[in-house]
Amino acid sequence: MNPRKTPAPAAGQPLARVLAEHIVATPAQSLPALALERAQMSLASTIASAAMGYGIESARIVRELEIGDGGTPAATVWFDRARLPLAGAVRVNALASDAAASDDSDLRSIAHIGTIVSTVGLAVGERQAASGREVLAAMVLGYELAGRIDEALTPGRMQRGFHGSVSTVFGACAAAGRLLRLDAERMTHAIALSATSIGGMAIAADTSCAREYHAGMAASAGVRAALAAQAGFRGEPGVLDLPRGFLHALGGQALDEIARGWGQSWDIVTDMAIKLMPGAHPFHATAEAAADAARAGRVRPQDVERVVITAAVQWTHFKGEPHPRNLVDAAHSLFYFVAAAIADGGFGWRHMDPARMADPVIAALQDRIEFDPAPPPLPDRFPHRHGGSVAIHLKDGTIHRGTCQAPRGSGPRGVHWQDVQDKFRQLFPLAGLPDDATARCLDILRDFDRADAVARLASCLAARQPPP
């Protein structure tokens, strides 16, 4: 996009208003094809992850609560016959996707922005009878808003203990507001209301099912903010940048960069990473490094004396504990990622099975893992943007090394449809839809630019088999 096509905001306007004008004034046709394609990939990945998460207890509990409450049937609950009001549908669908820890992450801060803009875009697009292209454009813009705000908060919000949901909510409100056709004034208030609508403690997300609870609440709160603004509800336009406001409270920095250069690049292209293995995204590159070293050296687990990890996440003290026994612990254990990658030649969806977590070969390797006591300094303030190295020391003195700066499926490495399709074909059947639904839904997603794509996909996702 040529930034000159977007009217320059008046000097002295609140940041929420500046960002709102960018979102409202950016024409869909000006968005690059690659950005729209990455939105398609995000949607496919989010649905696949939700299929994996559909049967998880946390997803089931919230789904039953929302369906029990009922309300105006506006949008589809994925893999179910129910339809719910917008805020309820996006809460259920986002929570299911995040529950499986298999959706997406932003490389700067590991916020799961793609999950939020995907679930909101499809639900609001269904209700508004939007075209596929309109939904994809709303997703790109929602991702941009959330990404820019969260970049300013990194690493301050994490140091203060706040989860990425405090930023992903802006992706929800922007995607919803765009599809609701809010003008700049109402979009300003949608952003302002979102800023004061959501919390989320990082410690709870790292140790419990609060992680997916946060995702559901961010999606729901952002939609509610957009709907309230559409109806005329007004917030404080200066809430982002005023003293004691959102950015000040969460340790924001480089604030003048948040709105600068809008349209020169798109965060969904440069910083979105689709998970091609489950679990915490900062561990993926290090697991790749371990697998590469083990395969190249034809390493046998019984020959390993010790494994030394040097990873950017050491600067965040985010590495988990060895010997996980459930999905939450496994998703946050760098010990498990590396040990399983060495033992099995890679880390994949099957490693979220408690049986694999209890494997004695993997357990023995976890006990031989050490961390570099003096990892190299980070080149910038974004620890999650950088990967890791692994040195496998064998009992005979041989050392096999591997390094990976960015995982497969991430912006720097490129995201490829073949990888996304493989993920979709493996995870989507877990939701229990008819056998032909996987191919039908994937075909719709690959051709999502069509005018009727949203309605067709919603119908496909709702075609749950009746109980026997």
# chains A, B, ... in the order shown; residues from 1 in each chain; ligands from 1
>>> select_by_dssp(residues="region 268-297 of chain A", states="alpha helix (DSSP H)", output="VMD selection string")
chain A and resid 268 to 270 284 to 296
>>> select_by_dssp(residues="region 281-371 of chain A", states="strand (DSSP E)", output="ChimeraX atom specification")
/A:304-311,369-371
>>> residues_around(residues="region 113-126 of chain A", least_positions_apart="4", cutoff="6 Å", atoms="only C-alpha atoms", output="PDB file with N, CA and C atoms, in the first residue's frame")
ATOM      1  N   SER A  42      -3.736 -18.210   8.475  1.00  0.00           N
ATOM      2  CA  SER A  42      -4.070 -18.063   9.893  1.00  0.00           C
ATOM      3  C   SER A  42      -5.444 -18.663  10.185  1.00  0.00           C
ATOM      4  N   LEU A  43      -6.394 -18.415   9.308  1.00  0.00           N
ATOM      5  CA  LEU A  43      -7.735 -18.953   9.497  1.00  0.00           C
ATOM      6  C   LEU A  43      -7.711 -20.479   9.465  1.00  0.00           C
ATOM      7  N   THR A  46      -6.010 -21.742  12.668  1.00  0.00           N
ATOM      8  CA  THR A  46      -6.857 -21.549  13.844  1.00  0.00           C
ATOM      9  C   THR A  46      -7.955 -22.598  13.907  1.00  0.00           C
ATOM     10  N   ALA A  75     -23.887 -16.415  14.942  1.00  0.00           N
ATOM     11  CA  ALA A  75     -22.672 -16.996  14.361  1.00  0.00           C
ATOM     12  C   ALA A  75     -22.516 -18.444  14.809  1.00  0.00           C
ATOM     13  N   VAL A  90     -17.497 -16.185  19.400  1.00  0.00           N
ATOM     14  CA  VAL A  90     -16.051 -15.974  19.278  1.00  0.00           C
ATOM     15  C   VAL A  90     -15.331 -16.424  20.538  1.00  0.00           C
ATOM     16  N   ALA A  94     -12.477 -19.190  19.937  1.00  0.00           N
ATOM     17  CA  ALA A  94     -11.106 -18.783  20.256  1.00  0.00           C
ATOM     18  C   ALA A  94     -10.545 -19.623  21.390  1.00  0.00           C
ATOM     19  N   ALA A 130     -20.544 -10.921   4.892  1.00  0.00           N
ATOM     20  CA  ALA A 130     -19.379 -10.332   4.232  1.00  0.00           C
ATOM     21  C   ALA A 130     -18.777 -11.308   3.233  1.00  0.00           C
ATOM     22  N   VAL A 135     -13.415 -10.271   4.928  1.00  0.00           N
ATOM     23  CA  VAL A 135     -12.973 -10.893   6.180  1.00  0.00           C
ATOM     24  C   VAL A 135     -11.450 -10.919   6.250  1.00  0.00           C
ATOM     25  N   MET A 139      -9.015  -9.102   9.007  1.00  0.00           N
ATOM     26  CA  MET A 139      -8.027  -9.845   9.787  1.00  0.00           C
ATOM     27  C   MET A 139      -6.639  -9.207   9.699  1.00  0.00           C
ATOM     28  N   THR A 168      -4.192  -8.602  22.294  1.00  0.00           N
ATOM     29  CA  THR A 168      -4.964  -9.276  21.240  1.00  0.00           C
ATOM     30  C   THR A 168      -6.397  -8.764  21.182  1.00  0.00           C
ATOM     31  N   GLY A 171      -6.981  -6.603  18.263  1.00  0.00           N
ATOM     32  CA  GLY A 171      -7.213  -7.303  17.001  1.00  0.00           C
ATOM     33  C   GLY A 171      -8.668  -7.644  16.821  1.00  0.00           C
ATOM     34  N   ALA A 172      -9.308  -8.046  17.933  1.00  0.00           N
ATOM     35  CA  ALA A 172     -10.729  -8.378  17.877  1.00  0.00           C
ATOM     36  C   ALA A 172     -11.575  -7.161  17.566  1.00  0.00           C
ATOM     37  N   ALA A 175     -10.946  -5.937  13.827  1.00  0.00           N
ATOM     38  CA  ALA A 175     -11.542  -6.832  12.824  1.00  0.00           C
ATOM     39  C   ALA A 175     -13.059  -6.728  12.847  1.00  0.00           C
ATOM     40  N   ALA A 219     -11.283 -12.179  22.632  1.00  0.00           N
ATOM     41  CA  ALA A 219     -12.136 -12.176  21.446  1.00  0.00           C
ATOM     42  C   ALA A 219     -13.507 -11.597  21.774  1.00  0.00           C
ATOM     43  N   VAL A 454     -17.510 -17.182   3.143  1.00  0.00           N
ATOM     44  CA  VAL A 454     -17.779 -17.146   4.577  1.00  0.00           C
ATOM     45  C   VAL A 454     -18.962 -18.031   4.917  1.00  0.00           C
TER      46      VAL A 454
END
>>> residues_around(residues="Val304 (chain A)", least_positions_apart="3", cutoff="7 Å", atoms="only C-alpha atoms", output="list of chain:residue names")
A:Pro301, A:Ile392, A:His393, A:Leu394, A:Lys395
>>> residues_around(residues="Gly71 (chain A)", least_positions_apart="4", cutoff="12 Å", atoms="only C-alpha atoms", output="PyMOL selection string")
chain A and resi 65-67+75+82-89
>>> write_last_selection(atoms="N, CA, C and O atoms", output="PDB file, in the first residue's frame")
ATOM      1  N   LEU A  65     -21.441 -23.598  28.837  1.00  0.00           N
ATOM      2  CA  LEU A  65     -21.953 -22.408  29.525  1.00  0.00           C
ATOM      3  C   LEU A  65     -22.571 -21.427  28.537  1.00  0.00           C
ATOM      4  O   LEU A  65     -23.679 -20.899  28.772  1.00  0.00           O
ATOM      5  N   GLU A  66     -21.878 -21.158  27.444  1.00  0.00           N
ATOM      6  CA  GLU A  66     -22.383 -20.196  26.463  1.00  0.00           C
ATOM      7  C   GLU A  66     -23.639 -20.722  25.764  1.00  0.00           C
ATOM      8  O   GLU A  66     -24.600 -19.969  25.555  1.00  0.00           O
ATOM      9  N   ILE A  67     -23.635 -21.997  25.405  1.00  0.00           N
ATOM     10  CA  ILE A  67     -24.825 -22.559  24.752  1.00  0.00           C
ATOM     11  C   ILE A  67     -25.996 -22.563  25.728  1.00  0.00           C
ATOM     12  O   ILE A  67     -27.139 -22.305  25.352  1.00  0.00           O
ATOM     13  N   ALA A  75     -23.887 -16.415  14.942  1.00  0.00           N
ATOM     14  CA  ALA A  75     -22.672 -16.996  14.361  1.00  0.00           C
ATOM     15  C   ALA A  75     -22.516 -18.444  14.809  1.00  0.00           C
ATOM     16  O   ALA A  75     -23.004 -18.849  15.871  1.00  0.00           O
ATOM     17  N   ALA A  82     -24.835 -25.697  17.315  1.00  0.00           N
ATOM     18  CA  ALA A  82     -25.315 -24.480  17.956  1.00  0.00           C
ATOM     19  C   ALA A  82     -24.870 -23.229  17.206  1.00  0.00           C
ATOM     20  O   ALA A  82     -23.852 -23.212  16.515  1.00  0.00           O
ATOM     21  N   ARG A  83     -25.671 -22.175  17.345  1.00  0.00           N
ATOM     22  CA  ARG A  83     -25.320 -20.823  16.918  1.00  0.00           C
ATOM     23  C   ARG A  83     -25.551 -19.911  18.115  1.00  0.00           C
ATOM     24  O   ARG A  83     -26.469 -20.119  18.896  1.00  0.00           O
ATOM     25  N   LEU A  84     -24.693 -18.902  18.253  1.00  0.00           N
ATOM     26  CA  LEU A  84     -24.723 -18.041  19.424  1.00  0.00           C
ATOM     27  C   LEU A  84     -24.621 -16.577  19.015  1.00  0.00           C
ATOM     28  O   LEU A  84     -24.259 -16.275  17.878  1.00  0.00           O
ATOM     29  N   PRO A  85     -24.898 -15.655  19.946  1.00  0.00           N
ATOM     30  CA  PRO A  85     -24.570 -14.249  19.690  1.00  0.00           C
ATOM     31  C   PRO A  85     -23.075 -14.113  19.398  1.00  0.00           C
ATOM     32  O   PRO A  85     -22.273 -14.973  19.783  1.00  0.00           O
ATOM     33  N   LEU A  86     -22.702 -13.029  18.741  1.00  0.00           N
ATOM     34  CA  LEU A  86     -21.323 -12.868  18.302  1.00  0.00           C
ATOM     35  C   LEU A  86     -20.310 -13.054  19.433  1.00  0.00           C
ATOM     36  O   LEU A  86     -19.333 -13.801  19.278  1.00  0.00           O
ATOM     37  N   ALA A  87     -20.516 -12.371  20.546  1.00  0.00           N
ATOM     38  CA  ALA A  87     -19.529 -12.413  21.619  1.00  0.00           C
ATOM     39  C   ALA A  87     -19.381 -13.815  22.187  1.00  0.00           C
ATOM     40  O   ALA A  87     -18.280 -14.235  22.559  1.00  0.00           O
ATOM     41  N   GLY A  88     -20.481 -14.564  22.251  1.00  0.00           N
ATOM     42  CA  GLY A  88     -20.413 -15.930  22.752  1.00  0.00           C
ATOM     43  C   GLY A  88     -19.743 -16.871  21.778  1.00  0.00           C
ATOM     44  O   GLY A  88     -18.929 -17.718  22.164  1.00  0.00           O
ATOM     45  N   ALA A  89     -20.053 -16.738  20.502  1.00  0.00           N
ATOM     46  CA  ALA A  89     -19.468 -17.619  19.494  1.00  0.00           C
ATOM     47  C   ALA A  89     -17.957 -17.431  19.409  1.00  0.00           C
ATOM     48  O   ALA A  89     -17.199 -18.406  19.350  1.00  0.00           O
TER      49      ALA A  89
END
>>> residues_around(residues="region 56-58 of chain A", least_positions_apart="2", cutoff="8 Å", atoms="only C-alpha atoms", output="count of residues only")
10
>>> closest_atom_pairs(of="region 239-347 of chain A", to="region 190-198 of chain A", cutoff="9 Å", atoms="only C-alpha atoms", output="tab-separated table")
residue	atom	partner	partner_atom	distance
A:Val239	CA	A:Ala192	CA	6.1
A:Leu240	CA	A:Ala195	CA	7.0
A:Gly245	CA	A:Ala195	CA	8.8
A:Phe246	CA	A:Ala195	CA	6.4
>>> write_last_selection(atoms="C-alpha atoms", output="compact mmCIF listing (two decimals), in the first residue's frame")
# COMPACT_ATOMS: atom_id res chain seq x y z
CA VAL A 239 -6.92 6.09 27.19
CA LEU A 240 -3.98 4.67 25.22
CA GLY A 245 -3.57 5.19 30.67
CA PHE A 246 -3.10 1.82 28.99
>>> atom_distance(atom1="CA of Arg408 (chain A)", atom2="CA of Met277 (chain A)")
9.3 Å
>>> closest_residue(among="A:Asp419, A:Asp256, A:Asp372, A:Asp436", to="Val313 (chain A)", atoms="only C-alpha atoms")
A:Asp372
>>> residues_around(residues="region 373-386 of chain A", least_positions_apart="6", cutoff="6 Å", atoms="only C-alpha atoms", output="short mmCIF file (atom, residue, chain, number, x, y, z; two decimals) with C-alpha atoms, in the first residue's frame")
data_model
loop_
_atom_site.label_atom_id
_atom_site.label_comp_id
_atom_site.auth_asym_id
_atom_site.auth_seq_id
_atom_site.Cartn_x
_atom_site.Cartn_y
_atom_site.Cartn_z
CA LEU A 107 7.42 -13.57 17.05
CA ARG A 108 7.89 -10.41 19.09
CA SER A 109 5.88 -11.32 22.15
CA PRO A 282 9.60 -19.69 21.78
CA THR A 310 21.64 -21.83 24.53
CA ALA A 312 17.04 -16.48 23.76
CA GLN A 405 17.03 -18.68 14.52
#
>>> closest_residue(among="A:Pro360, A:Gly238, A:Gly164, A:Pro14", to="Ala204 (chain A)", atoms="only C-alpha atoms")
A:Gly164
